[in-house]
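Here is the structure we will look at, set down as structure tokens.
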Amino acid sequence: MEIVGHGLDIVELSRIDHLEKEHGGDFLLGWFTEHEISHAPPVNRGAYFAGQIAAKEAIVKAIGTGLVGEMAWTEIEVNRAQSGGPLVVLTGSVLEMAIAHGVESCLLTISHGGNMAIASALALGRHRGPRGRSLPDGH
């Protein structure tokens with residue numbers, strides 16, 4: 001397997017706090033699965049949801065498409081592996097797009113600092129067609 005894409009995203013925690021207060025359940029249901037919502041901590045919810053949004057944005061960037069067509073944010077679920085690290089679960093149109101782009105799995109890291117959450121995702125698999133521009137050998 002090789003790296004077929006990389007995505008990086010940063011989200012302001014205060015923006016998420018504001019959206020949750022203003023739109024409540026509608027905001028949450030548009031972005032998160034029931035599992036993700038049910039696992040949100042009672043304190044620092046804004047940091048949790050900001051990290052989840054940054055992760056989802058980074059994942060679609062790593063796949064190489066962004067969120068397009070019939071894809072939905074709820075088709076990307078960020079769980080916790082037994083090790084405690086993030087575990088990416090793709091379903092529906094997002095999974096189909098990932099497969100079409102040769103993505104077999106994603107590695108993800110999420111971090112928080114100050115008023116920001118940041119996530120970096122690597123899409124692993126096999127290249128299927130041109131993605132970006134390659135440098136000539138030796139450069």
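Letters A, B, ... go to the chains of the structure tokens in the order shown; residues in each chain start at 1; ligands are counted from 1 in the same order.
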9 Å contact set for Met1 in chain A, only C-alpha atoms, chain neighbours under 4 positions out, as a CSV table (one decimal) with C-alpha atoms, in the first residue's frame:
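New file around-v6.csv:
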chain,number,residue,atom,x,y,z
A,104,GLU,CA,-8.3,1.1,1.0
A,124,LEU,CA,-3.6,4.6,1.8
A,125,GLY,CA,-4.1,2.3,-1.2
A,126,ARG,CA,-3.2,2.1,-4.8
For Ala47 in chain A, list every protein, DNA or RNA residue within 6 Å, evaluated using only C-alpha atoms, and leave out those in the same chain fewer than 3 positions away; present the list as a ChimeraX atom specification.
/A:13,44,50
Once you have the residues from the selection above, write them out as a PDB file, in the first residue's frame, restricted to C-alpha atoms.
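This is the output file result.pdb:
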ATOM      1  CA  LEU A  13     -13.739  25.712  18.553  1.00  0.00           C
ATOM      2  CA  ASN A  44     -15.636  20.360  26.070  1.00  0.00           C
ATOM      3  CA  ALA A  50     -14.500  20.640  16.137  1.00  0.00           C
TER       4      ALA A  50
END
Would you list, as a short mmCIF file (atom, residue, chain, number, x, y, z; two decimals) with N, CA and C atoms, in the first residue's frame, the residues of range 18-121 of chain A that end up in alpha helix (DSSP H) under DSSP run on this structure's backbone?
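So states17.cif came out as:
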data_model
loop_
_atom_site.label_atom_id
_atom_site.label_comp_id
_atom_site.auth_asym_id
_atom_site.auth_seq_id
_atom_site.Cartn_x
_atom_site.Cartn_y
_atom_site.Cartn_z
N HIS A 18 -20.81 28.05 18.81
CA HIS A 18 -21.86 28.95 18.34
C HIS A 18 -22.88 28.18 17.49
N LEU A 19 -22.43 27.36 16.56
CA LEU A 19 -23.35 26.61 15.69
C LEU A 19 -24.21 25.64 16.50
N GLU A 20 -23.60 24.99 17.49
CA GLU A 20 -24.38 24.05 18.30
C GLU A 20 -25.44 24.80 19.12
N LYS A 21 -25.08 25.93 19.69
CA LYS A 21 -26.05 26.70 20.47
C LYS A 21 -27.16 27.26 19.59
N GLU A 22 -26.79 27.73 18.38
CA GLU A 22 -27.77 28.36 17.50
C GLU A 22 -28.68 27.36 16.80
N HIS A 23 -28.13 26.21 16.39
CA HIS A 23 -28.89 25.25 15.57
C HIS A 23 -29.15 23.92 16.26
N GLY A 24 -28.50 23.69 17.38
CA GLY A 24 -28.75 22.49 18.19
C GLY A 24 -28.69 21.20 17.41
N GLY A 25 -29.77 20.41 17.54
CA GLY A 25 -29.83 19.08 16.95
C GLY A 25 -29.69 19.07 15.44
N ASP A 26 -30.22 20.10 14.75
CA ASP A 26 -30.11 20.15 13.29
C ASP A 26 -28.64 20.20 12.85
N PHE A 27 -27.87 21.03 13.54
CA PHE A 27 -26.44 21.12 13.25
C PHE A 27 -25.77 19.77 13.48
N LEU A 28 -26.03 19.17 14.62
CA LEU A 28 -25.38 17.90 14.97
C LEU A 28 -25.76 16.80 13.98
N LEU A 29 -27.04 16.67 13.66
CA LEU A 29 -27.50 15.59 12.78
C LEU A 29 -27.02 15.76 11.33
N GLY A 30 -26.68 16.98 10.95
CA GLY A 30 -26.15 17.20 9.60
C GLY A 30 -24.70 16.76 9.46
N TRP A 31 -23.99 16.69 10.56
CA TRP A 31 -22.57 16.38 10.53
C TRP A 31 -22.20 15.03 11.13
N GLU A 34 -25.32 9.09 14.95
CA GLU A 34 -25.83 8.94 16.32
C GLU A 34 -24.74 8.45 17.26
N HIS A 35 -23.88 7.57 16.75
CA HIS A 35 -22.77 7.05 17.56
C HIS A 35 -21.83 8.17 17.97
N GLU A 36 -21.47 9.03 17.02
CA GLU A 36 -20.56 10.14 17.34
C GLU A 36 -21.20 11.09 18.35
N ILE A 37 -22.48 11.39 18.17
CA ILE A 37 -23.17 12.30 19.10
C ILE A 37 -23.24 11.68 20.49
N SER A 38 -23.56 10.39 20.55
CA SER A 38 -23.70 9.74 21.85
C SER A 38 -22.38 9.61 22.60
N ARG A 45 -17.58 19.84 24.70
CA ARG A 45 -18.26 19.33 23.50
C ARG A 45 -17.78 20.05 22.24
N GLY A 46 -17.57 21.36 22.35
CA GLY A 46 -17.12 22.13 21.19
C GLY A 46 -15.79 21.62 20.66
N ALA A 47 -14.87 21.30 21.56
CA ALA A 47 -13.57 20.76 21.14
C ALA A 47 -13.74 19.40 20.47
N TYR A 48 -14.58 18.55 21.05
CA TYR A 48 -14.84 17.22 20.47
C TYR A 48 -15.41 17.36 19.06
N PHE A 49 -16.48 18.15 18.91
CA PHE A 49 -17.11 18.27 17.60
C PHE A 49 -16.22 18.99 16.60
N ALA A 50 -15.44 19.97 17.04
CA ALA A 50 -14.50 20.64 16.14
C ALA A 50 -13.46 19.66 15.62
N GLY A 51 -12.96 18.80 16.50
CA GLY A 51 -12.00 17.78 16.07
C GLY A 51 -12.62 16.80 15.08
N GLN A 52 -13.87 16.42 15.32
CA GLN A 52 -14.56 15.49 14.42
C GLN A 52 -14.78 16.14 13.04
N ILE A 53 -15.15 17.42 13.03
CA ILE A 53 -15.35 18.11 11.74
C ILE A 53 -14.03 18.26 11.01
N ALA A 54 -12.98 18.66 11.71
CA ALA A 54 -11.66 18.77 11.08
C ALA A 54 -11.25 17.43 10.50
N ALA A 55 -11.53 16.34 11.22
CA ALA A 55 -11.19 15.00 10.75
C ALA A 55 -11.94 14.66 9.47
N LYS A 56 -13.24 14.91 9.45
CA LYS A 56 -14.05 14.59 8.27
C LYS A 56 -13.60 15.40 7.05
N GLU A 57 -13.32 16.69 7.27
CA GLU A 57 -12.81 17.52 6.17
C GLU A 57 -11.46 17.00 5.67
N ALA A 58 -10.58 16.64 6.58
CA ALA A 58 -9.27 16.11 6.19
C ALA A 58 -9.42 14.81 5.42
N ILE A 59 -10.36 13.97 5.80
CA ILE A 59 -10.56 12.68 5.13
C ILE A 59 -11.01 12.88 3.68
N VAL A 60 -12.01 13.75 3.44
CA VAL A 60 -12.45 13.94 2.05
C VAL A 60 -11.37 14.60 1.21
N LYS A 61 -10.54 15.42 1.82
CA LYS A 61 -9.39 15.99 1.10
C LYS A 61 -8.39 14.90 0.75
N ALA A 62 -8.14 13.98 1.68
CA ALA A 62 -7.20 12.89 1.43
C ALA A 62 -7.71 11.97 0.33
N ILE A 63 -9.02 11.74 0.31
CA ILE A 63 -9.61 10.92 -0.76
C ILE A 63 -9.40 11.60 -2.10
N GLY A 92 -21.62 4.32 2.39
CA GLY A 92 -22.37 4.99 1.33
C GLY A 92 -21.52 5.56 0.21
N SER A 93 -21.91 6.75 -0.23
CA SER A 93 -21.25 7.40 -1.37
C SER A 93 -19.80 7.75 -1.08
N VAL A 94 -19.48 8.06 0.16
CA VAL A 94 -18.08 8.37 0.51
C VAL A 94 -17.23 7.13 0.33
N LEU A 95 -17.71 5.99 0.79
CA LEU A 95 -16.98 4.73 0.62
C LEU A 95 -16.81 4.42 -0.87
N GLU A 96 -17.87 4.58 -1.66
CA GLU A 96 -17.79 4.32 -3.10
C GLU A 96 -16.75 5.22 -3.76
N MET A 97 -16.73 6.51 -3.39
CA MET A 97 -15.76 7.44 -3.96
C MET A 97 -14.34 7.06 -3.54
N ALA A 98 -14.16 6.67 -2.30
CA ALA A 98 -12.83 6.27 -1.82
C ALA A 98 -12.34 5.06 -2.62
N ILE A 99 -13.19 4.07 -2.81
CA ILE A 99 -12.81 2.88 -3.57
C ILE A 99 -12.46 3.26 -5.00
N ALA A 100 -13.26 4.13 -5.61
CA ALA A 100 -13.02 4.56 -6.99
C ALA A 100 -11.67 5.28 -7.13
#
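Note that the spacing between CA of Glu70 in chain A and CA of Thr91 in chain A amounts to 11.9 Å.
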Could you pull out the strand (DSSP E) residues of chain A from DSSP and send them as a ChimeraX atom specification?
/A:2-12,76-80,86-90,103-113,116-125
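Considering only C-alpha atoms, the residue among A:Val43, A:Leu108, A:Ile118, A:Val103 positioned nearest to Pro86 in chain A is A:Leu108.
When CA of Gly102 in chain A is paired with CA of Ala123 in chain A, their separation reads 8.9 Å.
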Mind checking which residues fall within 6 Å of range 77-79 of chain A, counting only C-alpha atoms, ignoring those fewer than 4 positions away in the same chain, and posting them as a ChimeraX atom specification?
/A:86-89
Saved selection, atoms kept: N, CA, C and O atoms, as a PDB file, in the first residue's frame:
ATOM      1  N   PRO A  86      -7.870   7.436  16.694  1.00  0.00           N
ATOM      2  CA  PRO A  86      -9.042   7.538  15.832  1.00  0.00           C
ATOM      3  C   PRO A  86      -9.117   6.392  14.823  1.00  0.00           C
ATOM      4  O   PRO A  86      -8.104   5.925  14.316  1.00  0.00           O
ATOM      5  N   LEU A  87     -10.324   5.974  14.554  1.00  0.00           N
ATOM      6  CA  LEU A  87     -10.612   4.907  13.588  1.00  0.00           C
ATOM      7  C   LEU A  87     -11.634   5.440  12.606  1.00  0.00           C
ATOM      8  O   LEU A  87     -12.715   5.883  13.012  1.00  0.00           O
ATOM      9  N   VAL A  88     -11.321   5.413  11.310  1.00  0.00           N
ATOM     10  CA  VAL A  88     -12.189   5.959  10.269  1.00  0.00           C
ATOM     11  C   VAL A  88     -13.081   4.854   9.713  1.00  0.00           C
ATOM     12  O   VAL A  88     -12.592   3.800   9.307  1.00  0.00           O
ATOM     13  N   VAL A  89     -14.398   5.129   9.679  1.00  0.00           N
ATOM     14  CA  VAL A  89     -15.370   4.205   9.093  1.00  0.00           C
ATOM     15  C   VAL A  89     -16.117   4.967   7.999  1.00  0.00           C
ATOM     16  O   VAL A  89     -16.783   5.964   8.278  1.00  0.00           O
TER      17      VAL A  89
END
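Reported to one decimal place, the separation of CA of Ile10 in chain A from CA of Thr65 in chain A is 17.7 Å.
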